[in-house]
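The structure appears below as structure tokens.
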Number of protein chains: 2
Amino acid sequence: MKIGILGAGSMGAALGKLWAALGHEVCFGVRQPVGEKTAKRLSALGSSVRTGSLEAAAQFGDAVLIAVPWEATEKVVRSLAGHLVGKVLIDCTNPISPDLSGLIIGHSTSAAEEIARWAPQANVVKCFNTVGAGGLHDARYGDHSAAVFVCGDDEAANKMVTHLAEGIGFEVIDAGPLAEARYIEPLALLWIHLAMRGKYGSKIAVKLLRR
Amino acid sequence: MKIGILGAGSMGAALGKLWAALGHEVCFGVRQPVGEKTAKRLSALGSSVRTGSLEAAAQFGDAVLIAVPWEATEKVVRSLAGHLVGKVLIDCTNPISPDLSGLIIGHSTSAAEEIARWAPQANVVKCFNTVGAGGLHDARYGDHSAAVFVCGDDEAANKMVTHLAEGIGFEVIDAGPLAEARYIEPLALLWIHLAMRGKYGSKIAVKLLRR
């Protein structure tokens with residue numbers, strides 16, 4: 001397959017290298033003139049990949065990976081839109097704020113944070129929202145325990161809920177402060193949609209793999 | 001532990017039953033007068049649990065699970081706030097629209113949908129946003145492959161990206177249409193925060209367990 005990669009940052013370089021090793025033709029598109037760091041990274045990939053302008057890479061690929069920093073994404077995509085007609089545009093971006101604290105687009109609060117506002121002197125802990133009621137009685141999947149995510153702003157309260165979740169067999173992932181609920185509640189939607197849309201069914205659960 | 005459970009729907013009933021079986025004291029709080037369906041569900045739980053008003057359950061528990069439908073949550077929490085001072089309030093809610101299509105609160109778009117707007121004739125496919133660049137070269141975790149989620153509105157484009165992801169060792173989860181990116185992008189934030197906040201490190205990945 002011919003693959004264009006827009007940007008030669010860590011994601012683009014890693015994917016390009018892997019795909020080239022599988023025999024795909026890879027062309028990196030980078031801003032001209034090419035900076036020193038980018039040139040170095042590209043030359044480390046060896047002769048199996050070609051490089052060119054952003055336009056050249058967009059024209060080259062049957063599939064085009066957009067892997068520039070989020071701040072540059074709109075400008076790059078808009079300027080290349082004419083070269084992307086009918087192509088597969090792979091989006092691996094995340095619209096993350098520069099301090100990595102949150103998503104810039106579309107995510108401003110969560111049920112958990114609202115509940116904390118409504119009961120301001122309670123210690124709200126988010127948990128159990130990513131598992132189906134029908135799967136609560138059996139957290140085991142073969143050799144693995146399904147994960148639940150715990151977040152909250154009171155350490156003792158988090159511990160209490162962790163105890164309650166571990167008691168019924170779940171692996172508890174400590175997800176930090178209550179505001180993290182805005183990233184855990186969407187996971188429930190993803191779960192629901194995977195379960196509902198037929199292919200996966202409701203006997204699915206999330207696990208965190210570690211090494 | 002003394003646990004109050006607000007609501008006797010499927011989530012509340014399942015968790016209450018499990019916790020009671022572990023020896024915790026459980027009190028269900030339900031709207032008075034108790035409806036026929038709720039009474040039936042509660043009586044099926046047997047004598048190991050007590051039932052009462054929402055207020056009684058809130059007062060009873062050291063930990064209180066809020067498990068009423070989302071539409072009722074604000075009213076219930078606000079009205080019980082005085083009984084919840086200093087207590088652990090476990091939130092397992094999801095602010096889901098009645099047709100299950102999306103989150104009512106805080107989630108209105110995604111990078112992927114914006115990108116599709118900027119390159120309207122490209123076939124945008126979301127993928128690879130939930131895996132770290134440093135982990136791309138090795139999708140295996142012992143016996144398991146890490147998951148990536150693919151979503152997009154063009155079936156052929158989704159297939160092409162699925163092929164590219166499977167080629168480098170990932171298990172591909174078909175997450176449906178491009179709008180699902182609004183639930184997959186937050187998963188990247190969750191991943192980043194788990195990796196950054198020290199406890200888990202960056203060698204983590206998500207897997208979908210199935211049975």
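Letters A, B, ... mark the chains of the structure tokens in the order given; residue numbers begin at 1 per chain; ligand numbers begin at 1, in order shown.
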
- Pull out every residue of chain B sitting within 6 Å of chain A, counting only C-alpha atoms, and send them as JSON, numbers by chain. {"B": [10, 11, 78, 81, 84, 85, 86, 87, 88, 89, 90, 91, 92, 93, 106, 107, 108, 109, 118, 119, 121, 122, 123, 124, 125, 126, 127, 128, 129, 133, 157, 183, 186, 190, 203, 204, 205, 206, 207, 208, 209, 210, 211]}

- Any chance you could list, as JSON, numbers by chain, the residues in chain A that come up strand (DSSP E or B) when DSSP is run on the backbone? {"A": [2, 3, 4, 5, 6, 25, 26, 27, 28, 29, 49, 50, 51, 52, 63, 64, 65, 66, 88, 89, 90, 91, 96, 103, 107, 123, 124, 125, 126, 140, 141, 144, 145, 147, 148, 149, 150, 151, 152, 171, 172, 173, 174, 175, 176, 204, 205, 206, 207, 208, 209, 210]}

- Gap from CA of Leu6 in chain B to CA of Glu36 in chain B - Å, one decimal: 17.1 Å

- Would you mind telling me which residue in A:Ala20, A:Val30, A:Ala72, A:Val148 lies nearest to Glu55 in chain A when using only C-alpha atoms?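 For Glu55 in chain A, the nearest of the given residues is A:Val30.
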
- Between CA of Gly61 in chain A and CA of Ala44 in chain A - distance in Å to one decimal: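 Distance reported for this atom pair: 21.3 Å.
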
- If you measure from CA of Asp99 in chain A to CA of Lys37 in chain A, what distance in Å do you get, rounded to one decimal?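 Distance between the two atoms: 22.2 Å.
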
- Item | Who sits within 9 Å of Gln32 in chain A, only C-alpha atoms, same chain under 5 positions skipped, as a count of residues only | 3
